[in-house]
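This is input26.pdb. It holds PDB, C-alpha atoms and all ligand atoms.
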```pdb
MODEL        1
ATOM      1  CA  MET A   1      -9.755 -18.858 -14.809
ATOM      2  CA  GLU A   2      -6.719 -20.881 -13.975
ATOM      3  CA  VAL A   3      -5.725 -20.488 -10.379
ATOM      4  CA  ARG A   4      -2.399 -21.636  -9.056
ATOM      5  CA  GLY A   5      -0.572 -20.876  -5.878
ATOM      6  CA  GLY A   6       2.863 -19.332  -5.554
ATOM      7  CA  GLY A   7       5.879 -21.002  -7.015
ATOM      8  CA  LEU A   8       4.203 -23.011  -9.728
ATOM      9  CA  ARG A   9       4.516 -20.692 -12.674
ATOM     10  CA  ALA A  10       7.623 -20.077 -14.691
ATOM     11  CA  GLY A  11       9.426 -16.903 -13.634
ATOM     12  CA  GLY A  12      13.075 -16.268 -14.401
ATOM     13  CA  GLU A  13      15.607 -19.061 -14.275
ATOM     14  CA  SER A  14      14.746 -19.985 -10.711
ATOM     15  CA  GLY A  15      10.993 -19.625 -10.763
ATOM     16  CA  TYR A  16      11.291 -16.829  -8.204
ATOM     17  CA  ARG A  17       8.597 -14.187  -8.667
ATOM     18  CA  GLY A  18       8.637 -11.139  -6.432
ATOM     19  CA  ARG A  19       6.386  -8.104  -6.386
ATOM     20  CA  LEU A  20       6.296  -4.436  -5.502
ATOM     21  CA  ALA A  21       2.812  -3.289  -4.497
ATOM     22  CA  PRO A  22       2.711   0.442  -3.827
ATOM     23  CA  SER A  23      -0.575   2.252  -3.198
ATOM     24  CA  PRO A  24      -0.704   5.529  -5.150
ATOM     25  CA  THR A  25      -2.005   7.576  -2.223
ATOM     26  CA  GLY A  26       1.024   9.840  -1.936
ATOM     27  CA  LEU A  27       4.674  10.116  -2.857
ATOM     28  CA  LEU A  28       6.958   7.212  -1.977
ATOM     29  CA  HIS A  29       9.229   7.840   0.998
ATOM     30  CA  GLN A  30      12.521   6.296   2.036
ATOM     31  CA  GLY A  31      10.772   3.560   4.004
ATOM     32  CA  HIS A  32       8.968   2.264   0.921
ATOM     33  CA  ALA A  33      12.072   2.773  -1.140
ATOM     34  CA  ARG A  34      14.181   0.535   1.054
ATOM     35  CA  THR A  35      11.538  -2.220   1.155
ATOM     36  CA  PHE A  36      11.179  -2.074  -2.634
ATOM     37  CA  TRP A  37      14.937  -2.073  -3.090
ATOM     38  CA  ILE A  38      15.283  -5.165  -0.908
ATOM     39  CA  ALA A  39      12.431  -6.863  -2.803
ATOM     40  CA  HIS A  40      14.115  -6.001  -6.084
ATOM     41  CA  GLN A  41      17.527  -7.243  -4.918
ATOM     42  CA  ARG A  42      16.116 -10.520  -3.624
ATOM     43  CA  ALA A  43      14.535 -11.185  -7.018
ATOM     44  CA  ARG A  44      17.651 -10.185  -8.966
ATOM     45  CA  GLU A  45      19.988 -12.299  -6.805
ATOM     46  CA  ARG A  46      17.771 -15.283  -7.546
ATOM     47  CA  GLY A  47      17.464 -14.692 -11.276
ATOM     48  CA  GLY A  48      13.759 -14.036 -10.780
ATOM     49  CA  VAL A  49      11.038 -11.789 -12.127
ATOM     50  CA  VAL A  50       9.789  -8.561 -10.525
ATOM     51  CA  VAL A  51       6.126  -7.626 -10.842
ATOM     52  CA  LEU A  52       4.943  -4.063 -10.215
ATOM     53  CA  ARG A  53       1.348  -3.967  -9.025
ATOM     54  CA  ASN A  54      -0.622  -0.775  -8.663
ATOM     55  CA  ASP A  55      -2.765  -1.095  -5.500
ATOM     56  CA  ASP A  56      -5.263   1.554  -6.532
ATOM     57  CA  LEU A  57      -8.527   0.208  -5.076
ATOM     58  CA  ASP A  58      -9.096   3.071  -2.678
ATOM     59  CA  SER A  59     -10.582   5.490  -5.196
ATOM     60  CA  GLY A  60     -10.996   8.194  -2.549
ATOM     61  CA  ARG A  61      -7.269   8.344  -1.824
ATOM     62  CA  CYS A  62      -5.514   7.068  -4.959
ATOM     63  CA  ARG A  63      -4.584   9.574  -7.669
ATOM     64  CA  PRO A  64      -3.220   9.040 -11.197
ATOM     65  CA  GLU A  65      -0.428  11.576 -10.607
ATOM     66  CA  PHE A  66       0.856   9.376  -7.772
ATOM     67  CA  VAL A  67       0.886   6.343 -10.103
ATOM     68  CA  ARG A  68       3.074   8.294 -12.523
ATOM     69  CA  ALA A  69       5.246   9.545  -9.662
ATOM     70  CA  MET A  70       5.801   6.083  -8.168
ATOM     71  CA  ILE A  71       6.866   4.682 -11.531
ATOM     72  CA  GLU A  72       9.280   7.565 -12.151
ATOM     73  CA  ASP A  73      10.674   7.510  -8.613
ATOM     74  CA  LEU A  74      11.212   3.749  -8.597
ATOM     75  CA  ARG A  75      13.033   3.961 -11.919
ATOM     76  CA  TRP A  76      15.173   6.798 -10.577
ATOM     77  CA  LEU A  77      16.044   4.587  -7.622
ATOM     78  CA  GLY A  78      17.275   1.894 -10.018
ATOM     79  CA  VAL A  79      14.411  -0.558  -9.514
ATOM     80  CA  THR A  80      13.335  -2.457 -12.629
ATOM     81  CA  TRP A  81      10.423  -4.791 -13.313
ATOM     82  CA  GLU A  82       9.445  -7.236 -16.042
ATOM     83  CA  GLU A  83       5.681  -7.004 -15.555
ATOM     84  CA  GLY A  84       3.595  -4.023 -14.535
ATOM     85  CA  PRO A  85       0.944  -1.471 -15.480
ATOM     86  CA  ASP A  86       3.340   0.409 -17.748
ATOM     87  CA  VAL A  87       4.922  -2.625 -19.475
ATOM     88  CA  GLY A  88       2.096  -5.198 -19.431
ATOM     89  CA  GLY A  89       2.714  -8.896 -18.995
ATOM     90  CA  PRO A  90       0.976 -12.288 -18.882
ATOM     91  CA  HIS A  91      -1.087 -11.443 -15.788
ATOM     92  CA  ALA A  92      -2.377  -8.034 -16.932
ATOM     93  CA  PRO A  93      -4.052  -5.909 -15.808
ATOM     94  CA  TYR A  94      -1.608  -4.895 -13.065
ATOM     95  CA  ASP A  95      -3.880  -2.138 -11.738
ATOM     96  CA  GLN A  96      -6.068  -3.545  -8.974
ATOM     97  CA  SER A  97      -8.955  -1.341 -10.127
ATOM     98  CA  GLY A  98      -9.028  -3.410 -13.339
ATOM     99  CA  ARG A  99      -9.157  -6.787 -11.547
ATOM    100  CA  MET A 100     -12.588  -6.671  -9.892
ATOM    101  CA  ALA A 101     -13.751  -9.859 -11.626
ATOM    102  CA  CYS A 102     -10.979 -11.880  -9.929
ATOM    103  CA  TYR A 103     -11.852 -10.458  -6.508
ATOM    104  CA  ARG A 104     -15.576 -11.080  -6.993
ATOM    105  CA  GLU A 105     -14.918 -14.683  -7.896
ATOM    106  CA  ALA A 106     -12.805 -15.308  -4.801
ATOM    107  CA  PHE A 107     -15.381 -13.509  -2.653
ATOM    108  CA  GLY A 108     -18.150 -15.689  -4.106
ATOM    109  CA  ARG A 109     -16.185 -18.851  -3.350
ATOM    110  CA  LEU A 110     -15.510 -17.825   0.237
ATOM    111  CA  ARG A 111     -19.152 -16.915   0.708
ATOM    112  CA  GLU A 112     -20.354 -20.235  -0.720
ATOM    113  CA  MET A 113     -18.019 -22.119   1.593
ATOM    114  CA  GLY A 114     -19.566 -20.339   4.589
ATOM    115  CA  CYS A 115     -16.336 -18.534   5.485
ATOM    116  CA  LEU A 116     -17.951 -15.075   5.513
ATOM    117  CA  TYR A 117     -20.743 -13.216   7.258
ATOM    118  CA  PRO A 118     -22.252  -9.780   6.656
ATOM    119  CA  CYS A 119     -21.369  -7.122   9.205
ATOM    120  CA  ARG A 120     -23.198  -3.881   9.993
ATOM    121  CA  CYS A 121     -20.580  -2.460  12.330
ATOM    122  CA  SER A 122     -18.763   0.698  11.401
ATOM    123  CA  ARG A 123     -15.076   1.104  12.178
ATOM    124  CA  GLN A 124     -16.062   3.324  15.053
ATOM    125  CA  ASP A 125     -18.403   0.670  16.482
ATOM    126  CA  VAL A 126     -15.568  -1.844  16.409
ATOM    127  CA  ARG A 127     -13.074   0.536  17.968
ATOM    128  CA  ARG A 128     -15.538   1.384  20.748
ATOM    129  CA  ALA A 129     -16.386  -2.248  21.466
ATOM    130  CA  ALA A 130     -12.830  -3.583  21.326
ATOM    131  CA  SER A 131     -11.740  -4.647  24.776
ATOM    132  CA  ALA A 132      -8.014  -5.020  24.213
ATOM    133  CA  PRO A 133      -5.745  -2.186  23.119
ATOM    134  CA  HIS A 134      -4.346  -2.719  19.636
ATOM    135  CA  PRO A 135      -1.200  -1.500  17.956
ATOM    136  CA  GLU A 136      -1.566   1.877  16.276
ATOM    137  CA  ASP A 137      -0.931   0.439  12.812
ATOM    138  CA  ASP A 138      -3.378  -2.457  13.083
ATOM    139  CA  GLU A 139      -7.134  -2.881  13.314
ATOM    140  CA  PRO A 140      -8.848  -3.642  16.648
ATOM    141  CA  ILE A 141      -9.973  -7.210  17.293
ATOM    142  CA  TYR A 142     -13.558  -7.620  16.179
ATOM    143  CA  PRO A 143     -15.824  -8.457  19.138
ATOM    144  CA  GLY A 144     -18.109 -10.706  17.043
ATOM    145  CA  THR A 145     -21.250  -8.525  17.158
ATOM    146  CA  CYS A 146     -22.608  -9.660  13.754
ATOM    147  CA  ARG A 147     -21.265 -13.230  13.773
ATOM    148  CA  ASP A 148     -24.734 -14.793  13.665
ATOM    149  CA  LEU A 149     -26.059 -12.597  10.850
ATOM    150  CA  LYS A 150     -26.976 -14.823   7.897
ATOM    151  CA  GLU A 151     -28.075 -12.318   5.258
ATOM    152  CA  PRO A 152     -27.104  -8.695   4.654
ATOM    153  CA  PRO A 153     -29.629  -6.286   6.203
ATOM    154  CA  PRO A 154     -32.088  -5.121   3.480
ATOM    155  CA  GLY A 155     -31.496  -1.658   2.075
ATOM    156  CA  ARG A 156     -28.272  -1.110   3.982
ATOM    157  CA  SER A 157     -24.759  -1.487   2.765
ATOM    158  CA  CYS A 158     -22.647  -3.756   4.899
ATOM    159  CA  SER A 159     -19.173  -5.187   4.932
ATOM    160  CA  TRP A 160     -18.303  -8.899   4.847
ATOM    161  CA  ARG A 161     -16.000 -10.489   7.387
ATOM    162  CA  PHE A 162     -13.930 -13.633   7.290
ATOM    163  CA  ARG A 163     -14.813 -15.889  10.210
ATOM    164  CA  VAL A 164     -11.687 -16.952  12.080
ATOM    165  CA  GLU A 165     -11.980 -20.149  14.069
ATOM    166  CA  ALA A 166     -11.765 -19.529  17.835
ATOM    167  CA  GLY A 167      -8.237 -20.123  19.086
ATOM    168  CA  ALA A 168      -6.770 -20.349  15.567
ATOM    169  CA  ARG A 169      -2.990 -20.091  15.552
ATOM    170  CA  VAL A 170      -1.111 -19.049  12.428
ATOM    171  CA  ALA A 171       2.576 -19.876  12.378
ATOM    172  CA  PHE A 172       5.065 -19.248   9.609
ATOM    173  CA  GLU A 173       8.762 -18.944   9.039
ATOM    174  CA  ASP A 174       9.816 -15.476   7.962
ATOM    175  CA  GLY A 175      12.931 -15.007   5.857
ATOM    176  CA  ALA A 176      13.990 -11.924   7.828
ATOM    177  CA  CYS A 177      12.366 -12.299  11.270
ATOM    178  CA  GLY A 178      12.461 -16.073  11.800
ATOM    179  CA  ALA A 179       9.645 -18.113  13.351
ATOM    180  CA  GLN A 180       6.377 -16.207  13.800
ATOM    181  CA  ALA A 181       3.121 -17.197  15.507
ATOM    182  CA  PHE A 182      -0.103 -15.220  15.809
ATOM    183  CA  LEU A 183      -3.250 -16.067  17.751
ATOM    184  CA  GLU A 184      -6.915 -15.389  17.162
ATOM    185  CA  GLY A 185      -8.275 -13.199  19.956
ATOM    186  CA  ARG A 186      -4.854 -11.859  20.852
ATOM    187  CA  ASP A 187      -3.367 -10.692  17.549
ATOM    188  CA  PHE A 188      -6.348 -10.658  15.208
ATOM    189  CA  GLY A 189     -10.019 -11.497  14.962
ATOM    190  CA  ASP A 190     -12.622 -11.785  12.185
ATOM    191  CA  PHE A 191     -11.497  -9.334   9.519
ATOM    192  CA  VAL A 192     -13.180  -7.456   6.667
ATOM    193  CA  VAL A 193     -12.701  -8.862   3.163
ATOM    194  CA  TRP A 194     -15.332  -6.787   1.371
ATOM    195  CA  ARG A 195     -16.093  -3.174   2.148
ATOM    196  CA  PRO A 196     -19.540  -1.542   2.327
ATOM    197  CA  ASP A 197     -18.679   0.549  -0.749
ATOM    198  CA  GLY A 198     -18.459  -2.633  -2.864
ATOM    199  CA  VAL A 199     -14.663  -2.833  -2.995
ATOM    200  CA  PRO A 200     -12.550  -5.754  -1.765
ATOM    201  CA  ALA A 201     -10.530  -4.994   1.355
ATOM    202  CA  TYR A 202      -6.733  -5.013   1.172
ATOM    203  CA  HIS A 203      -6.315  -8.573   2.514
ATOM    204  CA  LEU A 204      -8.536 -10.207  -0.082
ATOM    205  CA  ALA A 205      -7.284  -8.208  -3.079
ATOM    206  CA  CYS A 206      -3.686  -8.816  -2.066
ATOM    207  CA  VAL A 207      -4.087 -12.583  -1.628
ATOM    208  CA  VAL A 208      -5.976 -12.974  -4.907
ATOM    209  CA  ASP A 209      -3.311 -11.065  -6.825
ATOM    210  CA  ASP A 210      -0.324 -12.698  -5.143
ATOM    211  CA  ALA A 211      -1.845 -16.115  -5.909
ATOM    212  CA  LEU A 212      -3.011 -15.430  -9.490
ATOM    213  CA  MET A 213       0.236 -13.664 -10.394
ATOM    214  CA  GLY A 214       2.223 -16.646  -9.111
ATOM    215  CA  ILE A 215       4.211 -14.639  -6.562
ATOM    216  CA  THR A 216       6.660 -16.954  -4.782
ATOM    217  CA  GLU A 217       7.936 -14.520  -2.126
ATOM    218  CA  VAL A 218       6.240 -11.469  -0.612
ATOM    219  CA  VAL A 219       8.663  -8.829   0.675
ATOM    220  CA  ARG A 220       7.004  -6.144   2.803
ATOM    221  CA  GLY A 221       7.487  -4.105   5.978
ATOM    222  CA  GLN A 222       7.376  -5.585   9.463
ATOM    223  CA  ASP A 223       4.291  -3.507  10.238
ATOM    224  CA  LEU A 224       2.376  -6.039   8.129
ATOM    225  CA  LEU A 225       3.308  -9.214  10.044
ATOM    226  CA  ARG A 226      -0.169  -9.600  11.568
ATOM    227  CA  SER A 227      -1.726  -8.853   8.190
ATOM    228  CA  THR A 228       0.283 -11.714   6.781
ATOM    229  CA  ALA A 229      -1.235 -14.029   9.404
ATOM    230  CA  ARG A 230      -4.734 -13.027   8.221
ATOM    231  CA  GLN A 231      -3.736 -13.457   4.605
ATOM    232  CA  ILE A 232      -2.414 -16.957   5.274
ATOM    233  CA  LEU A 233      -5.918 -17.886   6.468
ATOM    234  CA  LEU A 234      -7.307 -16.648   3.142
ATOM    235  CA  PHE A 235      -4.702 -18.567   1.132
ATOM    236  CA  ARG A 236      -5.684 -21.732   3.000
ATOM    237  CA  ALA A 237      -9.437 -21.169   2.711
ATOM    238  CA  LEU A 238      -9.107 -20.610  -1.048
ATOM    239  CA  GLY A 239      -6.919 -23.702  -1.436
ATOM    240  CA  TRP A 240      -3.898 -21.752  -2.712
ATOM    241  CA  ARG A 241      -0.320 -22.376  -1.817
ATOM    242  CA  GLU A 242       1.060 -19.488   0.191
ATOM    243  CA  PRO A 243       4.245 -17.697  -0.897
ATOM    244  CA  CYS A 244       7.366 -17.354   1.253
ATOM    245  CA  TRP A 245       7.493 -14.266   3.467
ATOM    246  CA  TYR A 246      10.187 -11.692   4.121
ATOM    247  CA  HIS A 247       9.297  -8.775   6.417
ATOM    248  CA  CYS A 248      11.853  -5.958   6.356
ATOM    249  CA  PRO A 249      12.614  -3.797   9.385
ATOM    250  CA  LEU A 250      10.983  -0.361   9.153
ATOM    251  CA  VAL A 251      12.870   2.852   8.581
ATOM    252  CA  THR A 252      12.418   5.232  11.522
ATOM    253  CA  ASP A 253      13.077   8.952  11.930
ATOM    254  CA  GLU A 254      15.404  10.484  14.515
ATOM    255  CA  HIS A 255      12.669  10.069  17.201
ATOM    256  CA  GLY A 256      12.229   6.370  16.451
ATOM    257  CA  HIS A 257       8.870   6.906  14.686
ATOM    258  CA  ARG A 258       8.371   4.997  11.508
ATOM    259  CA  LEU A 259       8.073   6.990   8.311
ATOM    260  CA  ALA A 260       4.628   7.280   6.768
ATOM    261  CA  LYS A 261       3.150   9.198   3.872
ATOM    262  CA  ARG A 262       0.792  10.972   6.225
ATOM    263  CA  HIS A 263       3.702  12.303   8.258
ATOM    264  CA  ASP A 264       5.327  14.035   5.293
ATOM    265  CA  ALA A 265       8.262  11.671   5.473
ATOM    266  CA  LEU A 266      11.011  12.819   3.199
ATOM    267  CA  SER A 267       9.811  11.665  -0.214
ATOM    268  CA  LEU A 268      12.019  10.229  -2.924
ATOM    269  CA  ARG A 269      10.819  13.096  -5.072
ATOM    270  CA  THR A 270      12.179  15.692  -2.623
ATOM    271  CA  LEU A 271      15.483  13.860  -2.249
ATOM    272  CA  ARG A 272      15.821  13.666  -5.981
ATOM    273  CA  GLU A 273      15.018  17.355  -6.461
ATOM    274  CA  ARG A 274      17.619  18.188  -3.844
ATOM    275  CA  GLY A 275      20.213  16.410  -5.935
ATOM    276  CA  THR A 276      20.549  13.188  -3.923
ATOM    277  CA  VAL A 277      22.260  10.455  -5.929
ATOM    278  CA  ALA A 278      20.210   7.245  -5.922
ATOM    279  CA  ALA A 279      23.285   5.074  -5.454
ATOM    280  CA  ALA A 280      24.193   7.071  -2.327
ATOM    281  CA  LEU A 281      20.716   6.563  -0.895
ATOM    282  CA  ARG A 282      20.857   2.819  -1.539
ATOM    283  CA  CYS A 283      24.259   2.556   0.039
ATOM    284  CA  GLY A 284      23.745   1.380   3.576
ATOM    285  CA  TRP A 285      20.445  -0.398   2.912
ATOM    286  CA  THR A 286      21.299  -3.956   3.593
ATOM    287  CA  GLU A 287      19.024  -6.935   3.875
ATOM    288  CA  GLY A 288      17.631  -7.679   7.339
TER
HETATM  289  N1  LIG B 301      -0.391  -1.599  -1.212
HETATM  290  C1  LIG B 301      -0.056  -2.103   0.090
HETATM  291  C2  LIG B 301       0.709  -1.045   0.840
HETATM  292  O1  LIG B 301       1.308  -0.181   0.209
HETATM  293  C3  LIG B 301       0.727  -3.372  -0.103
HETATM  294  C4  LIG B 301       1.331  -3.942   1.097
HETATM  295  C5  LIG B 301       1.849  -5.343   0.791
HETATM  296  O2  LIG B 301       1.045  -6.250   0.731
HETATM  297  O3  LIG B 301       3.047  -5.472   0.562
HETATM  298  O4  LIG B 301       0.698  -1.027   2.052
ENDMDL
END
```

Could I get this structure in the form of C-alpha cells?
Ligand code: GLU
Amino acid sequence: MEVRGGGLRAGGESGYRGRLAPSPTGLLHQGHARTFWIAHQRARERGGVVVLRNDDLDSGRCRPEFVRAMIEDLRWLGVTWEEGPDVGGPHAPYDQSGRMACYREAFGRLREMGCLYPCRCSRQDVRRAASAPHPEDDEPIYPGTCRDLKEPPPGRSCSWRFRVEAGARVAFEDGACGAQAFLEGRDFGDFVVWRPDGVPAYHLACVVDDALMGITEVVRGQDLLRSTARQILLFRALGWREPCWYHCPLVTDEHGHRLAKRHDALSLRTLRERGTVAAALRCGWTEG
C-alpha cells in the first residue's frame, strides 16, 4: 500500500484536500453543521477537493439510518463533496468499517517499533486512578499502570496504548487559534490506539485515514485541540507528514453549553422540518 502524508497527492487546482468526518451516532446539529460548512468553504475558496468520510467504527452506537440522514442533511445545507461513501473515489472505501486492513497495518507497524504496550485497565480504573482533574470532553491522563507489560494477558482482552515520552511537548500552529502547545502529563498521557473489542480507537483510525486520503488540512471543533496533539504524535511515529490544522470555535446554547448530540441539540433535521431555509442558517457563520 502506498502511504503518503498530507499535501502530496493531487487534489483540485491547489492540491488542497479537506474532509468532513461525521460519526453516524445521531442526527447532525448546528454545531457540526457550522464546522462542516467552514471546512467546505475553506476547500472551495482554495479550489480544493472535499472528502466525506463515514466514521462508523463504533458499531454499538452507529446506525445506517444516521448515515443516510447525515448525507441528506449535509446536502440540504449546501455542502458538496467529490469523494465519499455515496459517490466513491480513488481512496474508497470511505466508510471506516471497511478500512480495517489499513488500521491493522498501522497498528502492526507501531507495535513492531515498540511504540505500544498492552493495557488491562478499564476506563473506570483510569478515571479512578487519575490524579489531576480533566476537562469534561477529554480523557483522564493515564497513570501508567500497565506501562511495563510486554505481552497481552492470556485469555483476556486488552487495549493497546501509545507510549508518550515523558515531558513530550507538542506544538503546532493552528489556522484559527494561532500557536498551540500541549504537554505530556498536563494535557495528555499514554492514549489508547486499539480497543479491547478489536477496533482501532478514534485517534489511530483518524490519522491513518487523513494520511492515506492525502488530507492537507483538518478542520474540526476546538474541543479536539488536545486530540490533535495526540494525533500529531501518531503522524510522527508513522513517518507521515501531518496536515495543517484549523480548529473552529464551538457553537454554544443560551447557557454557554456547547451543543452535543446527547443533549438533543436542535438537529438540522428538525430545523429543516420546521421550514428553516439553509441559506438563512448559514448566514452569520463566519470563519474564526
Ligand atoms: N468522527 C469524529 C467526530 O465526529 C471526527 C472528528 C474529527 O477528527 O474531525 O467527532

Just the residues within 12 Å of Ser227 of chain A, please, counting only C-alpha atoms, with nothing from its chain fewer than 6 positions along; format it as a short mmCIF file (atom, residue, chain, number, x, y, z; two decimals) with C-alpha atoms, in the frame of the given file.
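After the write, selection-v8.cif holds the following:
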```
data_model
loop_
_atom_site.label_atom_id
_atom_site.label_comp_id
_atom_site.auth_asym_id
_atom_site.auth_seq_id
_atom_site.Cartn_x
_atom_site.Cartn_y
_atom_site.Cartn_z
CA ASP A 137 -0.93 0.44 12.81
CA ASP A 138 -3.38 -2.46 13.08
CA GLU A 139 -7.13 -2.88 13.31
CA VAL A 170 -1.11 -19.05 12.43
CA PHE A 182 -0.10 -15.22 15.81
CA ASP A 187 -3.37 -10.69 17.55
CA PHE A 188 -6.35 -10.66 15.21
CA GLY A 189 -10.02 -11.50 14.96
CA ASP A 190 -12.62 -11.78 12.18
CA PHE A 191 -11.50 -9.33 9.52
CA VAL A 192 -13.18 -7.46 6.67
CA ALA A 201 -10.53 -4.99 1.36
CA TYR A 202 -6.73 -5.01 1.17
CA HIS A 203 -6.32 -8.57 2.51
CA LEU A 204 -8.54 -10.21 -0.08
CA CYS A 206 -3.69 -8.82 -2.07
CA VAL A 207 -4.09 -12.58 -1.63
CA ARG A 220 7.00 -6.14 2.80
CA GLY A 221 7.49 -4.11 5.98
CA LEU A 233 -5.92 -17.89 6.47
CA LEU A 234 -7.31 -16.65 3.14
CA TRP A 245 7.49 -14.27 3.47
CA HIS A 247 9.30 -8.78 6.42
#
```

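Environment of ligand LIG 301 (chain B), defined as every protein or nucleic acid residue with an atom within 9 Å of it and counting all atoms listed in the file, comprises Arg19, Leu20, Ala21, Pro22, Ser23, Pro24, Thr25, His32, Arg53, Asn54, Asp55, Asp56, Tyr202, His203, Cys206, Val207, Asp210, Val218, Val219, Arg220, Gly221, Leu224, Ser227 and Thr228 of chain A.
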
Step by step, work through what the PyMOL selection byres (((chain A and resi 178) around 12) and not hetatm) selects in the shown file, and finish by giving those residues as a list of chain:residue names.
A:Ala171, A:Phe172, A:Glu173, A:Asp174, A:Gly175, A:Ala176, A:Cys177, A:Ala179, A:Gln180, A:Ala181, A:Gln222, A:Leu225, A:Cys244, A:Trp245, A:Tyr246, A:His247, A:Cys248, A:Gly288

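You can rank A:Ala205, A:Ile232, A:Trp81, A:Arg269 by their closest distance to Arg68 of chain A using all atoms listed in the file, and at the top of that list sits A:Arg269.
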
Work out how far atom CA of Pro196 of chain A is from atom CA of Ser157 of chain A, in Å to one decimal.
5.2 Å

Which one of A:Cys62, A:Cys146, A:Val87, A:Ala130 sits closest to Leu116 of chain A if you count all atoms listed in the file?
A:Cys146

One number please: atom CA of Pro90 of chain A to atom CA of Met213 of chain A, in Å, one decimal.
8.6 Å

Spell out the residues picked by the PyMOL selection byres (((chain A and resi 160) around 9) and not hetatm) here, as a PyMOL selection string.
chain A and resi 116-120+152+158-159+161-162+191-196

Residue subset to file, keeping C-alpha atoms, as a compact mmCIF listing (two decimals), in the frame of the given file:
```txt
# COMPACT_ATOMS: atom_id res chain seq x y z
CA LEU A 116 -17.95 -15.08 5.51
CA TYR A 117 -20.74 -13.22 7.26
CA PRO A 118 -22.25 -9.78 6.66
CA CYS A 119 -21.37 -7.12 9.20
CA ARG A 120 -23.20 -3.88 9.99
CA PRO A 152 -27.10 -8.70 4.65
CA CYS A 158 -22.65 -3.76 4.90
CA SER A 159 -19.17 -5.19 4.93
CA ARG A 161 -16.00 -10.49 7.39
CA PHE A 162 -13.93 -13.63 7.29
CA PHE A 191 -11.50 -9.33 9.52
CA VAL A 192 -13.18 -7.46 6.67
CA VAL A 193 -12.70 -8.86 3.16
CA TRP A 194 -15.33 -6.79 1.37
CA ARG A 195 -16.09 -3.17 2.15
CA PRO A 196 -19.54 -1.54 2.33
```

Residues returned when the PyMOL selection byres (((chain A and resi 285) around 12) and not hetatm) runs on this file, as a PyMOL selection string:
chain A and resi 30-39+41+248-251+278-284+286-288

Suppose we keep C-alpha atoms; can you now write the selection as a CSV table (one decimal), in the coordinates of the input?
```csv
chain,number,residue,atom,x,y,z
A,30,GLN,CA,12.5,6.3,2.0
A,31,GLY,CA,10.8,3.6,4.0
A,32,HIS,CA,9.0,2.3,0.9
A,33,ALA,CA,12.1,2.8,-1.1
A,34,ARG,CA,14.2,0.5,1.1
A,35,THR,CA,11.5,-2.2,1.2
A,36,PHE,CA,11.2,-2.1,-2.6
A,37,TRP,CA,14.9,-2.1,-3.1
A,38,ILE,CA,15.3,-5.2,-0.9
A,39,ALA,CA,12.4,-6.9,-2.8
A,41,GLN,CA,17.5,-7.2,-4.9
A,248,CYS,CA,11.9,-6.0,6.4
A,249,PRO,CA,12.6,-3.8,9.4
A,250,LEU,CA,11.0,-0.4,9.2
A,251,VAL,CA,12.9,2.9,8.6
A,278,ALA,CA,20.2,7.2,-5.9
A,279,ALA,CA,23.3,5.1,-5.5
A,280,ALA,CA,24.2,7.1,-2.3
A,281,LEU,CA,20.7,6.6,-0.9
A,282,ARG,CA,20.9,2.8,-1.5
A,283,CYS,CA,24.3,2.6,0.0
A,284,GLY,CA,23.7,1.4,3.6
A,286,THR,CA,21.3,-4.0,3.6
A,287,GLU,CA,19.0,-6.9,3.9
A,288,GLY,CA,17.6,-7.7,7.3
```

Go through A:Asp86, A:Glu184, A:Glu242, A:Asp125 and flag the residue nearest Leu212 of chain A, using all atoms listed in the file for the distances.
A:Glu242

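Between Tyr16 of chain A and the residues A:Pro200, A:Gly48, A:Gly108, A:Pro93, the shortest atom-to-atom distance, using only C-alpha atoms, involves A:Gly48.
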
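For the pair atom CA of Ser97 of chain A and atom CA of Ser59 of chain A, the separation is 8.6 Å.
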
Is there a way to complete segment 272-279 of chain A with N, CA, C and O atoms and then write that out as a PDB file, in the coordinates of the input?
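New file out.pdb:
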```
ATOM      1  N   ARG A 272      15.349  13.597  -4.610  1.00  0.00           N
ATOM      2  CA  ARG A 272      15.821  13.666  -5.981  1.00  0.00           C
ATOM      3  C   ARG A 272      15.969  15.119  -6.426  1.00  0.00           C
ATOM      4  O   ARG A 272      16.974  15.512  -7.010  1.00  0.00           O
ATOM      5  N   GLU A 273      14.964  15.944  -6.083  1.00  0.00           N
ATOM      6  CA  GLU A 273      15.018  17.355  -6.461  1.00  0.00           C
ATOM      7  C   GLU A 273      16.153  18.087  -5.745  1.00  0.00           C
ATOM      8  O   GLU A 273      16.679  19.066  -6.240  1.00  0.00           O
ATOM      9  N   ARG A 274      16.520  17.560  -4.576  1.00  0.00           N
ATOM     10  CA  ARG A 274      17.619  18.188  -3.844  1.00  0.00           C
ATOM     11  C   ARG A 274      18.972  17.703  -4.323  1.00  0.00           C
ATOM     12  O   ARG A 274      19.997  18.022  -3.736  1.00  0.00           O
ATOM     13  N   GLY A 275      18.955  16.833  -5.335  1.00  0.00           N
ATOM     14  CA  GLY A 275      20.213  16.410  -5.935  1.00  0.00           C
ATOM     15  C   GLY A 275      20.819  15.162  -5.324  1.00  0.00           C
ATOM     16  O   GLY A 275      21.979  14.841  -5.584  1.00  0.00           O
ATOM     17  N   THR A 276      20.030  14.441  -4.494  1.00  0.00           N
ATOM     18  CA  THR A 276      20.549  13.188  -3.923  1.00  0.00           C
ATOM     19  C   THR A 276      20.840  12.204  -5.065  1.00  0.00           C
ATOM     20  O   THR A 276      20.082  12.118  -6.031  1.00  0.00           O
ATOM     21  N   VAL A 277      21.920  11.480  -4.931  1.00  0.00           N
ATOM     22  CA  VAL A 277      22.260  10.455  -5.929  1.00  0.00           C
ATOM     23  C   VAL A 277      21.656   9.136  -5.447  1.00  0.00           C
ATOM     24  O   VAL A 277      21.845   8.751  -4.289  1.00  0.00           O
ATOM     25  N   ALA A 278      20.917   8.467  -6.338  1.00  0.00           N
ATOM     26  CA  ALA A 278      20.210   7.245  -5.922  1.00  0.00           C
ATOM     27  C   ALA A 278      21.173   6.222  -5.327  1.00  0.00           C
ATOM     28  O   ALA A 278      20.871   5.583  -4.317  1.00  0.00           O
ATOM     29  N   ALA A 279      22.336   6.086  -5.943  1.00  0.00           N
ATOM     30  CA  ALA A 279      23.285   5.074  -5.454  1.00  0.00           C
ATOM     31  C   ALA A 279      23.715   5.382  -4.014  1.00  0.00           C
ATOM     32  O   ALA A 279      23.916   4.477  -3.204  1.00  0.00           O
TER      33      ALA A 279
END
```
